[in-house]
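Engineer: Following this line is model_21.pdb, made up of PDB, C-alpha atoms:
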ATOM      1  CA  MET A   1     114.051  57.626 113.443
ATOM      2  CA  ALA A   2     111.394  58.546 116.058
ATOM      3  CA  LEU A   3     108.836  61.289 115.493
ATOM      4  CA  LEU A   4     109.115  64.271 117.839
ATOM      5  CA  ASN A   5     106.324  64.408 120.414
ATOM      6  CA  ALA A   6     104.293  67.517 121.280
ATOM      7  CA  ASP A   7     106.650  68.583 124.082
ATOM      8  CA  GLU A   8     109.695  68.221 121.853
ATOM      9  CA  ARG A   9     108.007  70.207 119.088
ATOM     10  CA  ALA A  10     107.104  72.953 121.563
ATOM     11  CA  ALA A  11     110.715  73.102 122.767
ATOM     12  CA  LEU A  12     111.857  73.335 119.167
ATOM     13  CA  GLY A  13     109.490  76.247 118.569
ATOM     14  CA  ARG A  14     111.167  78.121 121.442
ATOM     15  CA  GLU A  15     114.644  77.270 120.183
ATOM     16  CA  LEU A  16     114.318  77.849 116.441
ATOM     17  CA  THR A  17     113.748  81.564 115.954
ATOM     18  CA  GLY A  18     112.007  82.384 112.694
ATOM     19  CA  TRP A  19     110.754  78.856 112.033
ATOM     20  CA  THR A  20     107.125  77.789 112.095
ATOM     21  CA  VAL A  21     106.908  74.456 113.864
ATOM     22  CA  GLY A  22     103.930  72.445 112.650
ATOM     23  CA  GLU A  23     102.831  68.944 113.626
ATOM     24  CA  ASP A  24     104.801  67.378 110.777
ATOM     25  CA  SER A  25     107.022  70.108 109.358
ATOM     26  CA  LEU A  26     109.305  73.050 110.017
ATOM     27  CA  GLU A  27     108.889  76.005 107.694
ATOM     28  CA  ARG A  28     110.730  79.237 107.140
ATOM     29  CA  ARG A  29     110.945  81.893 104.446
ATOM     30  CA  PHE A  30     114.065  83.839 103.656
ATOM     31  CA  GLU A  31     114.468  87.018 101.667
ATOM     32  CA  PHE A  32     117.713  88.191 100.099
ATOM     33  CA  LYS A  33     118.894  91.153  98.075
ATOM     34  CA  ASP A  34     118.766  89.391  94.718
ATOM     35  CA  PHE A  35     118.805  86.021  92.926
ATOM     36  CA  GLY A  36     122.555  85.547  93.235
ATOM     37  CA  ARG A  37     122.371  85.821  97.007
ATOM     38  CA  SER A  38     119.334  83.523  97.162
ATOM     39  CA  PHE A  39     121.076  80.879  95.134
ATOM     40  CA  GLY A  40     124.338  81.267  97.024
ATOM     41  CA  PHE A  41     122.402  80.534 100.216
ATOM     42  CA  MET A  42     120.699  77.566  98.539
ATOM     43  CA  ALA A  43     124.068  76.176  97.456
ATOM     44  CA  SER A  44     125.352  76.323 101.025
ATOM     45  CA  VAL A  45     122.164  74.638 102.295
ATOM     46  CA  ALA A  46     122.489  71.961  99.588
ATOM     47  CA  LEU A  47     125.987  71.081 100.795
ATOM     48  CA  ALA A  48     124.837  70.949 104.426
ATOM     49  CA  ALA A  49     121.852  68.783 103.447
ATOM     50  CA  GLU A  50     124.039  66.367 101.525
ATOM     51  CA  LYS A  51     126.419  66.129 104.469
ATOM     52  CA  LEU A  52     123.542  65.392 106.880
ATOM     53  CA  GLY A  53     121.917  62.994 104.413
ATOM     54  CA  HIS A  54     118.662  64.907 104.861
ATOM     55  CA  HIS A  55     117.223  67.264 102.261
ATOM     56  CA  PRO A  56     114.760  70.159 102.221
ATOM     57  CA  ASP A  57     111.615  70.621 100.192
ATOM     58  CA  TRP A  58     112.080  74.147  98.937
ATOM     59  CA  SER A  59     111.213  76.730  96.364
ATOM     60  CA  ASN A  60     112.796  79.894  95.069
ATOM     61  CA  SER A  61     111.492  82.914  93.225
ATOM     62  CA  TYR A  62     114.166  85.544  92.549
ATOM     63  CA  ASN A  63     115.148  86.879  95.996
ATOM     64  CA  ARG A  64     112.869  84.625  98.063
ATOM     65  CA  VAL A  65     113.529  81.107  99.320
ATOM     66  CA  SER A  66     110.866  79.026 101.105
ATOM     67  CA  ILE A  67     111.964  75.937 102.980
ATOM     68  CA  ARG A  68     109.893  73.084 104.402
ATOM     69  CA  LEU A  69     111.522  70.329 106.406
ATOM     70  CA  THR A  70     109.928  66.982 107.162
ATOM     71  CA  THR A  71     111.159  63.401 107.374
ATOM     72  CA  HIS A  72     109.264  61.643 104.585
ATOM     73  CA  ASP A  73     110.351  58.156 105.690
ATOM     74  CA  ALA A  74     109.040  58.714 109.217
ATOM     75  CA  GLY A  75     105.905  60.580 108.150
ATOM     76  CA  GLY A  76     106.599  63.672 110.238
ATOM     77  CA  LEU A  77     109.115  65.698 112.237
ATOM     78  CA  THR A  78     112.267  64.075 113.580
ATOM     79  CA  ASP A  79     115.617  65.147 115.001
ATOM     80  CA  LYS A  80     116.979  65.209 111.457
ATOM     81  CA  ASP A  81     114.683  68.134 110.640
ATOM     82  CA  ALA A  82     115.719  69.970 113.800
ATOM     83  CA  GLU A  83     119.382  69.421 112.952
ATOM     84  CA  LEU A  84     119.010  70.687 109.395
ATOM     85  CA  ALA A  85     116.961  73.697 110.551
ATOM     86  CA  ARG A  86     119.699  74.684 113.023
ATOM     87  CA  ARG A  87     122.300  74.453 110.278
ATOM     88  CA  ILE A  88     120.165  76.471 107.848
ATOM     89  CA  SER A  89     119.664  79.191 110.480
ATOM     90  CA  GLN A  90     123.435  79.421 110.931
ATOM     91  CA  LEU A  91     123.957  79.653 107.168
ATOM     92  CA  ALA A  92     121.403  82.457 106.876
ATOM     93  CA  GLU A  93     123.118  84.625 109.501
TER      94      GLU A  93
ATOM     95  CA  MET B  94     108.927  93.170  76.415
ATOM     96  CA  ALA B  95     105.822  92.063  74.438
ATOM     97  CA  LEU B  96     103.612  89.185  75.509
ATOM     98  CA  LEU B  97     103.540  86.208  73.150
ATOM     99  CA  ASN B  98     100.271  85.914  71.255
ATOM    100  CA  ALA B  99      98.278  82.676  70.836
ATOM    101  CA  ASP B 100     100.025  81.740  67.571
ATOM    102  CA  GLU B 101     103.455  82.285  69.083
ATOM    103  CA  ARG B 102     102.537  80.232  72.131
ATOM    104  CA  ALA B 103     101.258  77.405  69.899
ATOM    105  CA  ALA B 104     104.521  77.446  67.935
ATOM    106  CA  LEU B 105     106.436  77.302  71.192
ATOM    107  CA  GLY B 106     104.427  74.274  72.272
ATOM    108  CA  ARG B 107     105.543  72.475  69.098
ATOM    109  CA  GLU B 108     109.158  73.510  69.558
ATOM    110  CA  LEU B 109     109.690  72.942  73.287
ATOM    111  CA  THR B 110     109.434  69.201  73.864
ATOM    112  CA  GLY B 111     108.489  68.301  77.413
ATOM    113  CA  TRP B 112     107.236  71.757  78.363
ATOM    114  CA  THR B 113     103.616  72.629  79.102
ATOM    115  CA  VAL B 114     102.832  75.935  77.431
ATOM    116  CA  GLY B 115     100.089  77.792  79.296
ATOM    117  CA  GLU B 116      98.623  81.209  78.606
ATOM    118  CA  ASP B 117     101.062  82.894  80.951
ATOM    119  CA  SER B 118     103.673  80.309  81.837
ATOM    120  CA  LEU B 119     105.936  77.489  80.671
ATOM    121  CA  GLU B 120     106.191  74.536  82.996
ATOM    122  CA  ARG B 121     108.293  71.419  83.128
ATOM    123  CA  ARG B 122     109.233  68.781  85.691
ATOM    124  CA  PHE B 123     112.566  67.024  85.781
ATOM    125  CA  GLU B 124     113.564  63.895  87.614
ATOM    126  CA  PHE B 125     117.136  62.891  88.416
ATOM    127  CA  LYS B 126     118.883  60.023  90.124
ATOM    128  CA  ASP B 127     119.406  61.816  93.434
ATOM    129  CA  PHE B 128     119.647  65.169  95.196
ATOM    130  CA  GLY B 129     123.195  65.842  94.059
ATOM    131  CA  ARG B 130     122.225  65.543  90.438
ATOM    132  CA  SER B 131     119.102  67.664  90.958
ATOM    133  CA  PHE B 132     121.094  70.423  92.577
ATOM    134  CA  GLY B 133     123.876  70.207  90.008
ATOM    135  CA  PHE B 134     121.247  70.813  87.333
ATOM    136  CA  MET B 135     119.795  73.699  89.357
ATOM    137  CA  ALA B 136     123.237  75.273  89.690
ATOM    138  CA  SER B 137     123.706  75.176  85.907
ATOM    139  CA  VAL B 138     120.231  76.673  85.380
ATOM    140  CA  ALA B 139     120.995  79.372  87.976
ATOM    141  CA  LEU B 140     124.090  80.453  86.027
ATOM    142  CA  ALA B 141     122.154  80.481  82.745
ATOM    143  CA  ALA B 142     119.347  82.480  84.367
ATOM    144  CA  GLU B 143     121.768  85.034  85.785
ATOM    145  CA  LYS B 144     123.428  85.394  82.395
ATOM    146  CA  LEU B 145     120.064  85.948  80.670
ATOM    147  CA  GLY B 146     118.875  88.286  83.424
ATOM    148  CA  HIS B 147     115.723  86.178  83.715
ATOM    149  CA  HIS B 148     115.016  83.761  86.553
ATOM    150  CA  PRO B 149     112.800  80.725  87.092
ATOM    151  CA  ASP B 150     110.197  80.102  89.774
ATOM    152  CA  TRP B 151     111.115  76.631  90.882
ATOM    153  CA  SER B 152     110.975  74.018  93.556
ATOM    154  CA  ASN B 153     112.969  70.947  94.457
ATOM    155  CA  SER B 154     112.275  67.877  96.535
ATOM    156  CA  TYR B 155     115.177  65.402  96.582
ATOM    157  CA  ASN B 156     115.445  64.099  92.990
ATOM    158  CA  ARG B 157     112.664  66.205  91.487
ATOM    159  CA  VAL B 158     112.826  69.759  90.130
ATOM    160  CA  SER B 159     109.723  71.666  88.988
ATOM    161  CA  ILE B 160     110.217  74.805  86.928
ATOM    162  CA  ARG B 161     107.749  77.528  86.016
ATOM    163  CA  LEU B 162     108.734  80.363  83.730
ATOM    164  CA  THR B 163     106.835  83.604  83.362
ATOM    165  CA  THR B 164     107.771  87.251  82.913
ATOM    166  CA  HIS B 165     106.432  88.905  86.060
ATOM    167  CA  ASP B 166     107.049  92.451  84.772
ATOM    168  CA  ALA B 167     105.033  91.796  81.614
ATOM    169  CA  GLY B 168     102.321  89.752  83.320
ATOM    170  CA  GLY B 169     102.712  86.677  81.125
ATOM    171  CA  LEU B 170     104.850  84.810  78.603
ATOM    172  CA  THR B 171     107.526  86.596  76.616
ATOM    173  CA  ASP B 172     110.543  85.717  74.483
ATOM    174  CA  LYS B 173     112.648  85.745  77.651
ATOM    175  CA  ASP B 174     110.750  82.699  78.918
ATOM    176  CA  ALA B 175     111.183  80.909  75.607
ATOM    177  CA  GLU B 176     114.896  81.673  75.603
ATOM    178  CA  LEU B 177     115.389  80.406  79.179
ATOM    179  CA  ALA B 178     113.304  77.278  78.472
ATOM    180  CA  ARG B 179     115.505  76.434  75.459
ATOM    181  CA  ARG B 180     118.632  76.826  77.561
ATOM    182  CA  ILE B 181     117.181  74.690  80.385
ATOM    183  CA  SER B 182     116.265  71.957  77.917
ATOM    184  CA  GLN B 183     119.853  71.904  76.665
ATOM    185  CA  LEU B 184     121.195  71.736  80.211
ATOM    186  CA  ALA B 185     118.923  68.793  81.030
ATOM    187  CA  GLU B 186     120.140  66.716  78.078
TER     188      GLU B 186
END
Output the file's structure as structure tokens, nothing else.

Structural biologist:
Amino acid sequence: MALLNADERAALGRELTGWTVGEDSLERRFEFKDFGRSFGFMASVALAAEKLGHHPDWSNSYNRVSIRLTTHDAGGLTDKDAELARRISQLAE
Amino acid sequence: MALLNADERAALGRELTGWTVGEDSLERRFEFKDFGRSFGFMASVALAAEKLGHHPDWSNSYNRVSIRLTTHDAGGLTDKDAELARRISQLAE
């Protein structure tokens, strides 16, 4: 899996509203009404991640969920991260 | 909800195998076979937390789950943290 180059990362930054596109990760924070809604969102992301075979690094504190995407095997950002980020954005709508 | 005093925290450290008892938090890391098992564990902890009305600060990366318990409203460790830690230990067995 090839790392995204600078142009591809820049394009991703324009496409993925709400995400911070770094050199080797995509990051976004979500806020919900309460824990149940946070965890419901996490459950839907977990299923999507398992389906894609690509998983987030993430944390949760009550109504907040922070997500960081990177491709550990490749040592940076790849299309897998972009794909998972798009899916997560849909799930958060 | 009263903060646990030093004696109570020391007793907790003897009782709660695997947990690190700090002045204002309980911490423990879990490792599973894969993401599915990690998230299955998290789902069971989420239900227990919702039932107790007390929620963990936690993070997950693939097969690893890190949990930190503290009572934000009280500014430190209380019986609620001890109770949730006991339940989490049972769920991890």

Engineer: What's the separation between CA of Glu176 in chain B and CA of Thr163 in chain B, in Å to one decimal place?

Structural biologist: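 CA of Thr163 in chain B lies 11.4 Å from CA of Glu176 in chain B.
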
Engineer: With a cut-off of 6 Å, could you pull out the residues of chain B touching chain A and give me the nearest pair of atoms for each, distance in Å to one decimal, using only C-alpha atoms, ordered by chain and ascending number, as a Markdown table?

Structural biologist:
| residue | atom | partner | partner_atom | distance |
| --- | --- | --- | --- | --- |
| B:Asp150 | CA | A:Ser61 | CA | 4.6 |
| B:Trp151 | CA | A:Ser59 | CA | 5.5 |
| B:Ser152 | CA | A:Ser59 | CA | 3.9 |
| B:Asn153 | CA | A:Trp58 | CA | 5.6 |
| B:Ser154 | CA | A:Asp57 | CA | 4.6 |

Engineer: Just the residues within 12 Å of Ala103 in chain B, please, counting all atoms listed in the file, with nothing from its chain fewer than 3 positions along; format it as a short mmCIF file (atom, residue, chain, number, x, y, z; two decimals) with C-alpha atoms, in the frame of the given file.

Structural biologist:
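result_24.cif, freshly written:
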data_model
loop_
_atom_site.label_atom_id
_atom_site.label_comp_id
_atom_site.auth_asym_id
_atom_site.auth_seq_id
_atom_site.Cartn_x
_atom_site.Cartn_y
_atom_site.Cartn_z
CA LEU B 97 103.54 86.21 73.15
CA ASN B 98 100.27 85.91 71.26
CA ALA B 99 98.28 82.68 70.84
CA ASP B 100 100.02 81.74 67.57
CA GLY B 106 104.43 74.27 72.27
CA ARG B 107 105.54 72.47 69.10
CA GLU B 108 109.16 73.51 69.56
CA LEU B 109 109.69 72.94 73.29
CA TRP B 112 107.24 71.76 78.36
CA THR B 113 103.62 72.63 79.10
CA VAL B 114 102.83 75.94 77.43
CA GLY B 115 100.09 77.79 79.30
CA GLU B 116 98.62 81.21 78.61
CA LEU B 119 105.94 77.49 80.67
CA LEU B 170 104.85 84.81 78.60
CA ALA B 175 111.18 80.91 75.61
#

Engineer: Measure the distance from CA of Glu120 in chain B to CA of Asp34 in chain A in Å and round it to one decimal.

Structural biologist: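 For CA of Glu120 in chain B relative to CA of Asp34 in chain A, the distance reads 22.7 Å.
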
Engineer: May I ask for the distance between CA of Leu84 in chain A and CA of Ala11 in chain A, given in Å to one decimal place?

Structural biologist: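 Answer for the CA of Leu84 in chain A to CA of Ala11 in chain A separation: 15.9 Å.
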
Engineer: With the file shown as input, list the residues that the PyMOL selection byres ((chain A and resi 74) around 12) selects, as a compact mmCIF listing (two decimals) with C-alpha atoms, in the frame of the given file.

Structural biologist:
# COMPACT_ATOMS: atom_id res chain seq x y z
CA MET A 1 114.05 57.63 113.44
CA ALA A 2 111.39 58.55 116.06
CA LEU A 3 108.84 61.29 115.49
CA LEU A 4 109.12 64.27 117.84
CA ASP A 24 104.80 67.38 110.78
CA SER A 25 107.02 70.11 109.36
CA THR A 70 109.93 66.98 107.16
CA THR A 71 111.16 63.40 107.37
CA HIS A 72 109.26 61.64 104.58
CA ASP A 73 110.35 58.16 105.69
CA GLY A 75 105.90 60.58 108.15
CA GLY A 76 106.60 63.67 110.24
CA LEU A 77 109.12 65.70 112.24
CA THR A 78 112.27 64.08 113.58
CA ASP A 79 115.62 65.15 115.00
CA LYS A 80 116.98 65.21 111.46
CA ASP A 81 114.68 68.13 110.64

Engineer: Report as JSON, numbers by chain the residues that result from applying the PyMOL selection byres ((chain B and resi 183) around 12) to the structure here.

Structural biologist: {"B": [109, 110, 111, 134, 137, 138, 141, 176, 177, 178, 179, 180, 181, 182, 184, 185, 186]}

Engineer: Put the listed atoms of range 154-172 of chain B in a box along x, y and z with 5 Å added on every side and give me the centre and edge lengths in Å to one decimal, as JSON.

Structural biologist:
{"center_x": 108.9, "center_y": 78.3, "center_z": 85.5, "size_x": 23.1, "size_y": 38.4, "size_z": 32.1}
